[in-house]
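Colleague: Sharing a structure, written as structure tokens. Questions coming.
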Amino acid sequence: MKYIYTEKKDTRSGFGDGLLEAAKKNEDVLALCADLTGSLKMDAFEKEFPDRFFQVGIAEANMIGIAAGMAQSGKIPFTGTFANFSTGRVYDQIRQSVAYSGANVKICASHAGVTLGEDGATHQILEDIGLMKMLPGMTVINPCDYNQTKAATLAILDHDGPVYLRFGRPKWPVFIPEDQEFVIGKGILLQEGSDVSIVATGHLVWEALQAAEKLEKDGISAEVINIHTIKPLDEEIILKSVQKTGCLVSAEEHNIYGGLGESIARLLSTQHPAPQEFVGTQDTFGESGTPEELMVKYGLSAEDIVEKAKKVIKRKS
């Protein structure tokens with residue numbers, strides 16, 4: 001199947017629309033925001049359910065603590081702020097009040113990665129997935145487009161336990177079917193191939209599909225897998241693919257240390273050793289620039305995936 005897109009929409013809008021729909025489905029859904037209602041696309045929720053919306057202000061640690069308390073009383077709180085403030089700034093509160101307690105809090109984080117763009121390195125967190133996946137019991141989800149982000153937001157409503165949901169700011173191709181089922185912990189095979197497995201997450205899924213097209217022109221058959229759930233990792237779909245292709249490229253808008261690629265490396269080293277190449281940021285902070293410029297500079301483009309695919313195939317042979 002060839003994936004195409006007819007429009008671009010930001011994944012944060014997928015979260016906003018999914019949150020509103022979740023609130024209509026379940027009256028226990030509450031929303032908390034740290035002074036970024038517009039940026040998180042939580043406006044519609046606030047307008048329709050003002051009594052279930054809590055503007056905490058620039059006090060992210062308090063927001064997590066309040067959410068944990070709400071969860072203990074049977075409510076389902078969704079917190080919203082930038083990914084940098086959702087994780088690094090409040091890690092102690094998440095660890096102690098949410099993860100340790102197994103609280104049913106949904107930590108929803110926008111503006112992740114270098115595609116945040118001009119806001120620069122202080123806001124472009126590239127280590128958040130690593131921070132969150134190390135917490136016992138934390139589910140970590142990183143959807144790839146508007147439709148999948150909306151579906152993920154609805155899916156975590158029915159999941160009992162803490163969740164970290166990561167999404168972004170830029171308008172991105174919408175290519176996942178609107179009615180595609182979202183199952184937490186189950187990757188999606190987007191394209192079958194026989195020469196190399198490309199396992200991608202978030203914004204890099206689209207780049208992986210573009211890379212597969214380029215590789216096809218060079219006579220290379222690439223299998224593309226969308227891993228929207230970093231934890232729990234769908235080990236079965238990855239192992240099945242690598243057993244067929246013999247090698248793998250991981251692709252993510254995140255530091256190569258601590259992200260999806262590292263989880264895959266652990267899996268391969270223990271269950272099916274095979275060559276792997278990593279597409280991700282190379283232990284660095286970001287900088288100001290357009291999303292497109294930064295994707296290229298930090299080696300996150302389709303062309304970079306193509307280069308790593310050809311390299312890992314040579315290692316296989």
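Residue numbering restarts at 1 in every chain; chains get A, B, ... in the order shown in the structure tokens, and ligands count up from 1 in that same order.
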If we count only C-alpha atoms and set the cut-off at 12 Å, which residues sit around Pro273 (chain A), ignoring sequence neighbours fewer than 4 positions away in its own chain? Please answer as number ranges by chain.
Modeller: A: 239, 242-243, 246-248, 264-269, 316
Colleague: Within 8 Å of Gly113 (chain A), counting only C-alpha atoms, which residues qualify if same-chain residues fewer than 3 places away don't, as a PyMOL selection string?
Modeller: chain A and resi 116+124-126+168+253-254
Colleague: Could you write those residues out with C-alpha atoms, as a JSON list (two decimals), in the first residue's frame?
Modeller:
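So the final result, stored in selection-v7.json, reads:
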```json
[["chain", "number", "residue", "atom", "x", "y", "z"],
["A", 116, "LEU", "CA", 9.24, 22.59, 17.58],
["A", 124, "GLN", "CA", 13.13, 21.12, 22.10],
["A", 125, "ILE", "CA", 13.35, 18.23, 24.53],
["A", 126, "LEU", "CA", 15.01, 15.18, 22.97],
["A", 168, "GLY", "CA", 4.18, 17.92, 18.24],
["A", 253, "GLU", "CA", 12.96, 12.42, 16.68],
["A", 254, "HIS", "CA", 14.79, 11.81, 19.94]]
```
Colleague: Please report as JSON lines every residue of region 125-234 of chain A lying within 12 Å of region 14-23 of chain A, along with the nearest atom pair and their distance in Å (one decimal), using only C-alpha atoms.
Modeller:
```
{"residue": "A:Asn142", "atom": "CA", "partner": "A:Phe15", "partner_atom": "CA", "distance": 11.6}
{"residue": "A:Pro143", "atom": "CA", "partner": "A:Gly14", "partner_atom": "CA", "distance": 9.9}
{"residue": "A:Cys144", "atom": "CA", "partner": "A:Gly14", "partner_atom": "CA", "distance": 10.4}
{"residue": "A:Asp145", "atom": "CA", "partner": "A:Gly14", "partner_atom": "CA", "distance": 7.8}
{"residue": "A:Tyr146", "atom": "CA", "partner": "A:Gly14", "partner_atom": "CA", "distance": 4.6}
{"residue": "A:Asn147", "atom": "CA", "partner": "A:Gly14", "partner_atom": "CA", "distance": 6.2}
{"residue": "A:Gln148", "atom": "CA", "partner": "A:Gly14", "partner_atom": "CA", "distance": 7.5}
{"residue": "A:Thr149", "atom": "CA", "partner": "A:Gly14", "partner_atom": "CA", "distance": 5.1}
{"residue": "A:Lys150", "atom": "CA", "partner": "A:Gly14", "partner_atom": "CA", "distance": 4.3}
{"residue": "A:Ala151", "atom": "CA", "partner": "A:Gly18", "partner_atom": "CA", "distance": 6.8}
{"residue": "A:Ala152", "atom": "CA", "partner": "A:Gly18", "partner_atom": "CA", "distance": 8.0}
{"residue": "A:Thr153", "atom": "CA", "partner": "A:Gly18", "partner_atom": "CA", "distance": 5.4}
{"residue": "A:Leu154", "atom": "CA", "partner": "A:Ala22", "partner_atom": "CA", "distance": 5.7}
{"residue": "A:Ala155", "atom": "CA", "partner": "A:Ala22", "partner_atom": "CA", "distance": 9.0}
{"residue": "A:Ile156", "atom": "CA", "partner": "A:Ala22", "partner_atom": "CA", "distance": 9.4}
{"residue": "A:Leu157", "atom": "CA", "partner": "A:Ala22", "partner_atom": "CA", "distance": 6.8}
{"residue": "A:Asp158", "atom": "CA", "partner": "A:Ala22", "partner_atom": "CA", "distance": 9.5}
{"residue": "A:Leu165", "atom": "CA", "partner": "A:Phe15", "partner_atom": "CA", "distance": 9.1}
{"residue": "A:Arg166", "atom": "CA", "partner": "A:Phe15", "partner_atom": "CA", "distance": 9.5}
{"residue": "A:Phe167", "atom": "CA", "partner": "A:Phe15", "partner_atom": "CA", "distance": 8.0}
{"residue": "A:Gly168", "atom": "CA", "partner": "A:Phe15", "partner_atom": "CA", "distance": 9.8}
{"residue": "A:Arg169", "atom": "CA", "partner": "A:Gly14", "partner_atom": "CA", "distance": 10.8}
{"residue": "A:Pro170", "atom": "CA", "partner": "A:Gly14", "partner_atom": "CA", "distance": 11.9}
{"residue": "A:Lys171", "atom": "CA", "partner": "A:Gly14", "partner_atom": "CA", "distance": 10.9}
{"residue": "A:Trp172", "atom": "CA", "partner": "A:Gly14", "partner_atom": "CA", "distance": 11.2}
{"residue": "A:Val174", "atom": "CA", "partner": "A:Gly14", "partner_atom": "CA", "distance": 10.4}
{"residue": "A:Glu178", "atom": "CA", "partner": "A:Gly14", "partner_atom": "CA", "distance": 11.0}
```
Colleague: As a PyMOL selection string, please: every residue in region 88-308 of chain A that a backbone DSSP assignment puts in alpha helix (DSSP H).
Modeller: chain A and resi 91-93+128-133+146-157+204-217+235-245+260-271+291-297+302-308
Colleague: Skip Glu307 (chain A) itself and residues of its chain fewer than 2 positions away, then list as a count of residues only all residues within 10 Å of it, counting only C-alpha atoms.
Modeller: 12
Colleague: Kindly give the distance, in Å, that separates CA of Ile238 (chain A) and CA of Thr281 (chain A), rounded to a single decimal.
Modeller: 21.8 Å
Colleague: For Cys108 (chain A), which residue among A:Glu7, A:Glu235, A:Asp128, A:Asp92 is the nearest when counting only C-alpha atoms?
Modeller: A:Asp128
Colleague: What separation in Å, quoted to one decimal, exists between CA of Gly187 (chain A) and CA of Tyr5 (chain A)?
Modeller: 20.6 Å
Colleague: Counting only C-alpha atoms, which of A:Gly289, A:Gly280, A:Pro173, A:Gly74 gets nearest to Asn104 (chain A)?
Modeller: A:Gly74
Colleague: Grab the CA of Val199 (chain A) to CA of Lys240 (chain A) distance for me, in Å with one decimal place.
Modeller: 12.2 Å
Colleague: So, with only C-alpha atoms as the atoms that count, which of A:Ala112, A:Ile141, A:Val90, A:Ile64 lies closest to Leu40 (chain A)?
Modeller: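 Of the candidates, the smallest distance to Leu40 (chain A) is held by A:Ala112.
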Colleague: Pick out the closest residue to Gly202 (chain A) from this set: A:Asn26, A:Thr115, A:Ser39, A:Asn62. Count only C-alpha atoms.
Modeller: A:Thr115
Colleague: So which one's closest to Asp234 (chain A), A:His123, A:Lys106, A:Lys217, A:Lys186? Using only C-alpha atoms, please.
Modeller: A:Lys186
Colleague: Name the closest residue to Ile237 (chain A) among the candidates A:Gly102, A:Gly69, A:Gly185, A:Pro291; distances are taken between atoms, counting only C-alpha atoms.
Modeller: A:Gly185
Colleague: Got a sec: who's within 8 Å of Lys75 (chain A), counting only C-alpha atoms, leaving out chain neighbours fewer than 5 positions off, as a ChimeraX atom specification?
Modeller: /A:28-30,70
